[in-house]
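Trainee: Next comes the structure file protein.cif, holding mmCIF, C-alpha atoms.
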```cif
data_protein
loop_
_atom_site.label_atom_id
_atom_site.label_comp_id
_atom_site.auth_asym_id
_atom_site.auth_seq_id
_atom_site.Cartn_x
_atom_site.Cartn_y
_atom_site.Cartn_z
CA MET A 466 95.65 93.32 120.58
CA ILE A 467 97.79 93.72 117.45
CA VAL A 468 96.08 95.73 114.72
CA VAL A 469 97.08 95.28 111.09
CA ALA A 470 96.20 98.25 108.89
CA GLY A 471 96.27 98.00 105.11
CA GLU A 472 94.82 96.42 102.02
CA ALA A 473 93.04 93.14 101.42
CA LEU A 474 92.92 92.00 97.81
CA ILE A 475 92.63 89.01 95.51
CA ASP A 476 95.77 87.45 94.02
CA LEU A 477 95.15 85.83 90.65
CA VAL A 478 97.73 83.05 90.59
CA PRO A 479 98.73 81.37 87.30
CA GLN A 480 98.35 77.61 87.19
CA ASP A 481 100.95 77.09 84.46
CA ALA A 482 103.49 78.95 82.35
CA GLY A 483 102.42 81.41 79.68
CA ALA A 484 100.37 84.59 79.49
CA LEU A 485 97.04 82.85 78.85
CA THR A 486 97.18 80.18 81.51
CA ALA A 487 94.27 79.76 83.91
CA LEU A 488 94.30 82.06 86.93
CA THR A 489 93.10 80.91 90.34
CA PRO A 490 91.86 83.55 92.81
CA ALA A 491 93.56 83.55 96.21
CA LEU A 492 92.96 85.74 99.24
CA GLY A 493 95.87 88.14 99.71
CA GLY A 494 97.42 91.53 100.28
CA GLY A 495 100.47 92.04 102.49
CA PRO A 496 98.64 93.43 105.54
CA TYR A 497 95.81 90.91 105.11
CA ASN A 498 98.28 88.02 105.06
CA THR A 499 99.96 89.42 108.17
CA ALA A 500 96.63 89.53 110.00
CA VAL A 501 95.80 85.93 109.01
CA ALA A 502 99.28 84.79 110.10
CA LEU A 503 98.86 86.48 113.48
CA GLY A 504 95.52 84.77 113.97
CA ARG A 505 96.99 81.38 113.10
CA LEU A 506 99.85 81.94 115.55
CA GLY A 507 97.32 82.64 118.29
CA SER A 508 97.89 86.36 118.76
CA PRO A 509 94.84 88.53 119.48
CA ALA A 510 94.62 90.49 116.22
CA ALA A 511 92.33 92.94 114.44
CA PHE A 512 92.21 94.10 110.83
CA CYS A 513 91.74 97.77 109.93
CA SER A 514 90.93 98.44 106.28
CA ARG A 515 88.18 99.14 103.77
CA VAL A 516 86.80 96.02 102.09
CA SER A 517 84.34 95.67 99.21
CA ARG A 518 80.84 94.30 99.65
CA ASP A 519 81.36 92.13 96.57
CA ALA A 520 81.83 88.35 96.71
CA PHE A 521 85.61 88.66 96.96
CA GLY A 522 85.25 91.06 99.90
CA GLU A 523 82.95 88.65 101.71
CA ALA A 524 85.44 85.82 101.19
CA LEU A 525 88.27 87.98 102.54
CA LEU A 526 86.32 88.76 105.71
CA ASP A 527 85.18 85.16 106.14
CA ARG A 528 88.79 83.93 106.37
CA LEU A 529 89.65 86.63 108.91
CA ARG A 530 86.71 85.61 111.08
CA GLU A 531 87.57 81.92 110.75
CA THR A 532 91.13 82.72 111.87
CA GLY A 533 89.90 84.63 114.91
CA VAL A 534 90.85 88.09 113.63
CA VAL A 535 88.55 90.90 114.82
CA VAL A 536 86.96 92.75 111.88
CA SER A 537 84.96 95.43 113.73
CA SER A 538 87.35 98.12 112.42
CA VAL A 539 86.87 97.13 108.78
CA GLN A 540 85.07 99.74 106.68
CA ARG A 541 82.86 98.52 103.82
CA GLY A 542 82.22 99.96 100.36
CA ASP A 543 80.39 99.13 97.14
CA GLU A 544 83.57 99.59 95.09
CA PRO A 545 85.22 96.44 93.66
CA THR A 546 88.04 94.49 95.30
CA THR A 547 91.61 95.18 94.16
CA LEU A 548 93.10 92.45 91.94
CA ALA A 549 96.78 91.48 91.76
CA VAL A 550 97.89 89.19 88.92
CA ALA A 551 100.91 87.20 90.04
CA THR A 552 103.64 85.82 87.80
CA VAL A 553 105.70 83.15 89.56
CA ALA A 554 109.33 82.70 88.43
CA ALA A 555 111.24 79.42 88.35
CA ASP A 556 112.72 80.10 91.81
CA GLY A 557 109.25 80.64 93.30
CA SER A 558 109.49 84.42 93.53
CA ALA A 559 106.41 86.39 92.51
CA VAL A 560 105.95 89.59 90.47
CA TYR A 561 102.59 91.38 90.44
CA SER A 562 100.47 93.50 88.12
CA PHE A 563 97.76 95.44 89.97
CA TYR A 564 94.23 96.50 89.06
CA VAL A 565 93.51 99.25 91.58
CA GLU A 566 91.48 102.03 89.96
CA GLY A 567 88.34 102.81 91.95
CA THR A 568 88.75 99.86 94.32
CA ALA A 569 87.53 99.75 97.90
CA ASP A 570 90.75 99.55 99.91
CA ARG A 571 92.25 102.76 98.56
CA LEU A 572 89.25 104.75 99.87
CA PHE A 573 90.08 103.94 103.50
CA THR A 574 89.60 106.80 105.99
CA ALA A 575 91.43 107.11 109.31
CA PRO A 576 89.32 105.79 112.23
CA ASP A 577 88.56 107.89 115.28
CA ALA A 578 90.00 105.21 117.57
CA LEU A 579 91.74 101.85 117.52
CA PRO A 580 90.24 98.74 119.16
CA ALA A 581 90.44 98.61 122.95
CA GLY A 582 93.67 97.10 124.21
CA THR A 583 95.69 97.85 121.06
CA ARG A 584 99.40 97.43 121.83
CA ALA A 585 100.81 97.50 118.30
CA VAL A 586 99.81 98.51 114.77
CA SER A 587 101.40 97.14 111.60
CA PHE A 588 101.46 99.00 108.25
CA GLY A 589 102.75 98.43 104.75
CA THR A 590 102.56 97.58 101.06
CA CYS A 591 100.09 99.12 98.59
CA SER A 592 98.03 100.88 101.25
CA LEU A 593 100.82 103.43 101.81
CA VAL A 594 101.08 104.20 98.09
CA LEU A 595 97.55 104.53 96.71
CA GLU A 596 95.77 107.79 97.52
CA PRO A 597 93.59 108.94 99.11
CA GLY A 598 93.89 105.97 101.47
CA ALA A 599 97.67 106.29 101.76
CA SER A 600 97.40 109.62 103.59
CA ALA A 601 94.78 108.15 105.93
CA TYR A 602 97.03 105.21 106.83
CA GLU A 603 99.92 107.63 107.32
CA GLU A 604 97.76 109.71 109.66
CA LEU A 605 96.87 106.58 111.64
CA MET A 606 100.56 105.63 111.91
CA ARG A 607 101.56 109.04 113.25
CA THR A 608 98.71 109.31 115.75
CA ALA A 609 99.18 105.75 117.03
CA HIS A 610 102.90 106.27 117.60
CA ALA A 611 102.29 109.62 119.28
CA ARG A 612 99.98 107.83 121.75
CA GLY A 613 102.68 105.33 122.66
CA VAL A 614 101.46 102.44 120.50
CA PHE A 615 104.21 100.23 119.05
CA THR A 616 104.27 100.67 115.25
CA ALA A 617 105.70 98.27 112.67
CA LEU A 618 106.32 99.06 109.00
CA ASP A 619 107.02 96.75 106.06
CA PRO A 620 107.18 98.93 102.93
CA ASN A 621 107.04 95.81 100.69
CA ILE A 622 107.86 97.85 97.59
CA ARG A 623 105.79 97.30 94.45
CA PRO A 624 107.62 99.48 91.87
CA GLY A 625 104.81 99.24 89.33
CA LEU A 626 102.50 101.13 91.68
CA ILE A 627 104.94 103.98 92.44
CA PRO A 628 104.91 106.64 89.68
CA ASP A 629 107.46 108.92 91.41
CA PRO A 630 110.12 106.81 93.18
CA ASP A 631 112.01 109.81 94.60
CA ALA A 632 108.83 111.26 96.12
CA TYR A 633 108.04 107.88 97.69
CA ARG A 634 111.57 107.56 99.11
CA ALA A 635 111.24 110.98 100.72
CA ARG A 636 107.85 110.04 102.14
CA PHE A 637 109.27 106.78 103.49
CA LEU A 638 111.96 108.71 105.39
CA SER A 639 109.27 111.00 106.80
CA TRP A 640 107.50 107.97 108.32
CA LEU A 641 110.50 106.66 110.24
CA PRO A 642 110.17 108.95 113.30
CA SER A 643 106.76 107.29 113.79
CA VAL A 644 108.04 103.71 113.34
CA SER A 645 109.14 101.40 116.19
CA LEU A 646 110.14 98.39 114.05
CA LEU A 647 111.12 98.53 110.38
CA LYS A 648 111.18 95.24 108.49
CA LEU A 649 112.12 95.07 104.82
CA SER A 650 113.67 92.76 102.27
CA GLU A 651 117.11 93.16 100.72
CA GLU A 652 115.36 94.07 97.47
CA ASP A 653 113.34 96.78 99.21
CA ALA A 654 116.48 98.13 100.86
CA ARG A 655 118.28 98.38 97.52
CA TRP A 656 115.30 100.11 95.91
CA LEU A 657 114.99 102.60 98.76
CA GLY A 658 118.72 103.30 98.62
CA GLY A 659 119.29 103.74 102.35
CA THR A 660 121.09 101.81 105.07
CA PRO A 661 119.99 100.33 108.40
CA ALA A 662 122.21 102.85 110.21
CA ARG A 663 120.53 105.76 108.49
CA TRP A 664 117.05 104.40 109.14
CA LEU A 665 117.80 103.70 112.81
CA ALA A 666 119.01 107.26 113.25
CA ALA A 667 115.64 108.48 111.99
CA GLY A 668 113.57 106.70 114.62
CA PRO A 669 113.05 102.91 114.72
CA ALA A 670 114.35 100.88 117.66
CA ALA A 671 115.25 98.02 115.29
CA VAL A 672 115.52 97.26 111.57
CA VAL A 673 115.06 93.67 110.35
CA VAL A 674 116.34 92.84 106.86
CA THR A 675 115.20 89.60 105.23
CA ARG A 676 117.48 87.85 102.73
CA GLY A 677 115.19 85.13 101.37
CA GLY A 678 116.71 81.68 101.84
CA ASP A 679 119.83 83.24 103.36
CA GLY A 680 118.01 84.25 106.55
CA LEU A 681 117.37 87.43 108.51
CA THR A 682 119.45 90.12 110.21
CA VAL A 683 118.39 92.66 112.83
CA PHE A 684 120.16 95.96 113.43
CA THR A 685 119.39 97.69 116.73
CA ARG A 686 119.72 101.28 117.83
CA GLU A 687 122.23 100.17 120.46
CA GLY A 688 124.58 99.00 117.70
CA GLY A 689 123.69 95.31 117.76
CA GLU A 690 123.71 93.25 114.57
CA TYR A 691 122.40 89.69 114.89
CA SER A 692 121.70 87.17 112.12
CA VAL A 693 120.15 83.74 111.67
CA PRO A 694 120.28 81.49 108.60
CA GLY A 695 117.24 80.60 106.56
CA GLU A 696 115.43 77.30 106.99
CA ARG A 697 115.99 74.98 104.03
CA VAL A 698 112.77 73.85 102.36
CA GLU A 699 111.58 72.94 98.89
CA VAL A 700 110.12 76.26 97.76
CA VAL A 701 106.74 76.13 96.03
CA ASP A 702 106.45 79.91 95.95
CA THR A 703 107.34 82.87 98.19
CA ILE A 704 103.88 84.44 98.28
CA GLY A 705 103.17 85.63 101.83
CA ALA A 706 106.62 84.76 103.20
CA GLY A 707 107.52 88.32 104.15
CA ASP A 708 104.07 88.86 105.66
CA THR A 709 104.58 85.74 107.76
CA VAL A 710 107.87 87.21 109.01
CA ASN A 711 105.99 90.37 110.03
CA ALA A 712 103.47 88.35 112.00
CA ALA A 713 106.09 86.12 113.63
CA LEU A 714 108.11 89.13 114.76
CA LEU A 715 105.06 90.85 116.23
CA HIS A 716 103.83 87.64 117.85
CA GLY A 717 107.26 87.06 119.39
CA LEU A 718 107.67 90.62 120.61
CA ALA A 719 104.24 90.43 122.26
CA ALA A 720 105.14 87.16 123.98
CA ARG A 721 108.30 88.78 125.34
CA GLY A 722 106.55 91.94 126.54
CA ALA A 723 108.73 93.91 124.13
CA PHE A 724 106.20 96.30 122.58
CA SER A 725 108.29 99.33 123.53
CA GLU A 726 111.68 100.71 122.57
CA ARG A 727 113.03 99.69 125.98
CA GLY A 728 111.57 96.21 125.62
CA ALA A 729 113.06 95.73 122.15
CA ALA A 730 116.45 96.91 123.40
CA ALA A 731 116.31 94.47 126.31
CA LEU A 732 116.08 91.43 124.01
CA GLY A 733 119.83 91.41 123.42
CA ALA A 734 121.67 88.99 121.14
CA ASP A 735 120.06 85.78 122.43
CA GLY A 736 116.55 87.18 122.43
CA TRP A 737 116.80 88.57 118.92
CA ARG A 738 118.36 85.40 117.48
CA GLU A 739 115.61 83.29 119.04
CA LEU A 740 112.96 85.61 117.61
CA LEU A 741 114.55 85.74 114.15
CA GLY A 742 114.87 81.94 114.12
CA PHE A 743 111.16 81.62 114.88
CA ALA A 744 110.36 84.01 112.02
CA ALA A 745 112.63 82.08 109.64
CA ARG A 746 110.89 78.78 110.47
CA ALA A 747 107.47 80.34 109.99
CA ALA A 748 108.41 81.85 106.63
CA ALA A 749 109.91 78.57 105.44
CA LEU A 750 106.64 76.76 106.09
CA THR A 751 104.78 79.41 104.07
CA CYS A 752 107.23 78.96 101.18
CA SER A 753 106.72 75.20 101.22
CA ARG A 754 103.09 75.47 100.05
CA ALA A 755 101.28 77.32 97.28
CA GLY A 756 99.94 80.80 97.91
CA ALA A 757 99.88 82.74 101.16
CA GLU A 758 99.26 79.94 103.66
CA PRO A 759 101.04 80.92 106.90
CA PRO A 760 101.60 78.26 109.55
CA TYR A 761 99.55 77.60 112.65
CA ALA A 762 101.21 77.74 116.05
CA HIS A 763 101.07 73.95 116.48
CA GLU A 764 103.08 73.44 113.28
CA LEU A 765 105.95 75.50 114.65
CA GLU A 766 105.73 73.96 118.10
CA ALA A 767 105.92 70.50 116.55
CA GLY A 768 109.05 71.52 114.66
CA HIS A 769 107.55 70.57 111.28
#
```
Could you take the file, read its structure, and then write that structure out as structure tokens?

Mentor:
Amino acid sequence: MIVVAGEALIDLVPQDAGALTALTPALGGGPYNTAVALGRLGSPAAFCSRVSRDAFGEALLDRLRETGVVVSSVQRGDEPTTLAVATVAADGSAVYSFYVEGTADRLFTAPDALPAGTRAVSFGTCSLVLEPGASAYEELMRTAHARGVFTALDPNIRPGLIPDPDAYRARFLSWLPSVSLLKLSEEDARWLGGTPARWLAAGPAAVVVTRGGDGLTVFTREGGEYSVPGERVEVVDTIGAGDTVNAALLHGLAARGAFSERGAAALGADGWRELLGFAARAAALTCSRAGAEPPYAHELEAGH
């Protein structure tokens, strides 16, 4: 079982250019997208969050159930669902404005236990920024890692939500001893101001850096550095692409029995390149369609 811990929200996606264009609601949130992608790839997955009882919250849970994701660890609340208004640039990249005050997901509390059979837990995005939930997710990360559970982190930086960048950067470094796999984009890496070598020294067994259409690179604690190119597609938008990479990496590590530092180290150059190539193909399919629509396993197996 792979548990994804973090927010579920509604993306309001513009249908045309301009500030007053119609907005279409879409199910989203980095961790939520990762959970859906894992379910579509066929990995046993569970979602751990706090979700509103409003209509948006019900729709969010319905898709998880339809995808086969276990929702027994989802807390419920009467608070509204977080909204993220997306602005999509000409190259398909998305920028977000968030409406988060008093919303359900930021009131998450750390659970007493994870679902039976949990092998890995994935964290990231807004859930590690917005208090009081951020401290609860941080607590879950530390306790899971201390119990030998494989932990993955995608900070997925949203600068507009971070009032004190230096304090966040220090907090990020404090998480790394409790992180097994760190995945982040080039943009995130520049914003954080660190290097893969520095982050590896702090704890993770591997750091994966995504470079959009230029592909992915992994840096390992043993000194390995392996890259694959991106898959060329006609980009509709990039919403959910990084979350799809998270899911593909976790799915692939599970298939290889690599949910441990020793297992990750044993992949070697060939194993990592194969895994990164799989993640690149999955992300490309997500970019080829509107919104966060990660691929199903059969789409990747068919080589579409």

Trainee: Could you check how far atom CA of A:Gly680 sits from atom CA of A:Val693, in Å to one decimal?

Mentor: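 Taking atom CA of A:Gly680 and atom CA of A:Val693, their separation equals 5.6 Å.
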
Trainee: Check what the PyMOL selection byres ((chain A and resi 492) around 6) selects in the file above and give those residues as an NGL selection string.

Mentor: :A and (475 or 491 or 493)

Trainee: Take the selection from the previous step and output its residues with C-alpha atoms, as a PDB file, keeping the file's coordinate frame.

Mentor:
```pdb
ATOM      1  CA  ILE A 475      92.630  89.010  95.510  1.00  0.00           C
ATOM      2  CA  ALA A 491      93.560  83.550  96.210  1.00  0.00           C
ATOM      3  CA  GLY A 493      95.870  88.140  99.710  1.00  0.00           C
TER       4      GLY A 493
END
```

Trainee: Quick one: which residues end up in the PyMOL selection byres ((chain A and resi 745-752) around 10) for this structure, as number ranges by chain?

Mentor: A: 502, 506, 557-558, 675, 677-681, 693-714, 739-744, 753-762, 764-765, 768-769

Trainee: List, as number ranges by chain, every residue that the PyMOL selection byres ((chain A and resi 511-528) around 9) selects in the file provided.

Mentor: A: 466-475, 492-493, 496-497, 500-501, 504, 509-510, 529-547, 568-574, 576, 579-580, 583

Trainee: Using only C-alpha atoms, which of A:Ala578, A:Val683, A:Met606, A:Val674 sits nearest A:Ser643?

Mentor: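 Ranking A:Ala578, A:Val683, A:Met606, A:Val674 by distance to A:Ser643, first place goes to A:Met606.
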
Trainee: Quick one, how far is atom CA of A:Cys591 from atom CA of A:Gly613?

Mentor: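 Answer for the atom CA of A:Cys591 to atom CA of A:Gly613 separation: 25.0 Å.
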
Trainee: Can you measure atom CA of A:Arg676 to atom CA of A:Ser592 for me? One decimal in Å is fine.

Mentor: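 Those two atoms sit 23.5 Å apart.
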
Trainee: Residues within 7 Å of A:Pro490, please, as JSON, numbers by chain. Count all atoms listed in the file; anything in the same chain fewer than 4 positions from it doesn't count.

Mentor: {"A": [475, 476, 477, 478]}

Trainee: Suppose we keep C-alpha atoms; can you now write the selection as a compact mmCIF listing (two decimals), in the frame of the given file?

Mentor:
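See selection20.txt below for the written result:
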```txt
# COMPACT_ATOMS: atom_id res chain seq x y z
CA ILE A 475 92.63 89.01 95.51
CA ASP A 476 95.77 87.45 94.02
CA LEU A 477 95.15 85.83 90.65
CA VAL A 478 97.73 83.05 90.59
```

Trainee: Tell me which of A:Thr590, A:Ala554, A:Gly598, A:Ser562 sits closest to A:Asp481, counting all atoms listed in the file.

Mentor: A:Ala554

Trainee: Find the spatial neighbours of A:Phe615, counting only C-alpha atoms, within a cut-off of 12 Å - ignore same-chain residues fewer than 4 positions away - and output them as a tab-separated table (two decimals) with C-alpha atoms, in the frame of the given file.

Mentor:
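So the final result, stored in around24.tsv, reads:
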```tsv
chain	number	residue	atom	x	y	z
A	466	MET	CA	95.65	93.32	120.58
A	467	ILE	CA	97.79	93.72	117.45
A	468	VAL	CA	96.08	95.73	114.72
A	469	VAL	CA	97.08	95.28	111.09
A	583	THR	CA	95.69	97.85	121.06
A	584	ARG	CA	99.40	97.43	121.83
A	585	ALA	CA	100.81	97.50	118.30
A	586	VAL	CA	99.81	98.51	114.77
A	587	SER	CA	101.40	97.14	111.60
A	588	PHE	CA	101.46	99.00	108.25
A	606	MET	CA	100.56	105.63	111.91
A	607	ARG	CA	101.56	109.04	113.25
A	608	THR	CA	98.71	109.31	115.75
A	609	ALA	CA	99.18	105.75	117.03
A	610	HIS	CA	102.90	106.27	117.60
A	611	ALA	CA	102.29	109.62	119.28
A	643	SER	CA	106.76	107.29	113.79
A	644	VAL	CA	108.04	103.71	113.34
A	645	SER	CA	109.14	101.40	116.19
A	646	LEU	CA	110.14	98.39	114.05
A	647	LEU	CA	111.12	98.53	110.38
A	669	PRO	CA	113.05	102.91	114.72
A	670	ALA	CA	114.35	100.88	117.66
A	671	ALA	CA	115.25	98.02	115.29
A	715	LEU	CA	105.06	90.85	116.23
A	718	LEU	CA	107.67	90.62	120.61
A	719	ALA	CA	104.24	90.43	122.26
A	722	GLY	CA	106.55	91.94	126.54
A	723	ALA	CA	108.73	93.91	124.13
A	724	PHE	CA	106.20	96.30	122.58
A	725	SER	CA	108.29	99.33	123.53
A	726	GLU	CA	111.68	100.71	122.57
A	727	ARG	CA	113.03	99.69	125.98
A	728	GLY	CA	111.57	96.21	125.62
A	729	ALA	CA	113.06	95.73	122.15
```

Trainee: Extract, using only C-alpha atoms, all DNA, RNA and protein residues at most 7 Å from stretch 648-661 of chain A, discarding same-chain residues fewer than 5 positions from it, and format them as number ranges by chain.

Mentor: A: 618-622, 634, 672-676, 684

Trainee: Go through A:Ser600, A:Thr489, A:Ser508, A:Thr685 one by one, measure the shortest atom-to-atom distance of each to A:Leu665 using only C-alpha atoms, and give the residue with the smallest value.

Mentor: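 Closest residue, counting only C-alpha atoms: A:Thr685.
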
Trainee: Would you mind telling me which residue in A:Ala551, A:Ala662, A:Leu605, A:Leu503 lies nearest to A:Gly483 when using all atoms listed in the file?

Mentor: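 Ranking A:Ala551, A:Ala662, A:Leu605, A:Leu503 by distance to A:Gly483, first place goes to A:Ala551.
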
Trainee: Please return as a PyMOL selection string every residue within 9 Å of (99.2, 96.0, 92.4), taking into account all atoms listed in the file and the file's own coordinates.

Mentor: chain A and resi 547-550+561-565+591+623+625-626

Trainee: Using all atoms listed in the file, pick whichever of A:His763, A:Val594, A:Thr682, A:Pro630 has the shortest atom-to-atom distance to A:Ala734.

Mentor: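 Of the candidates, the smallest distance to A:Ala734 is held by A:Thr682.
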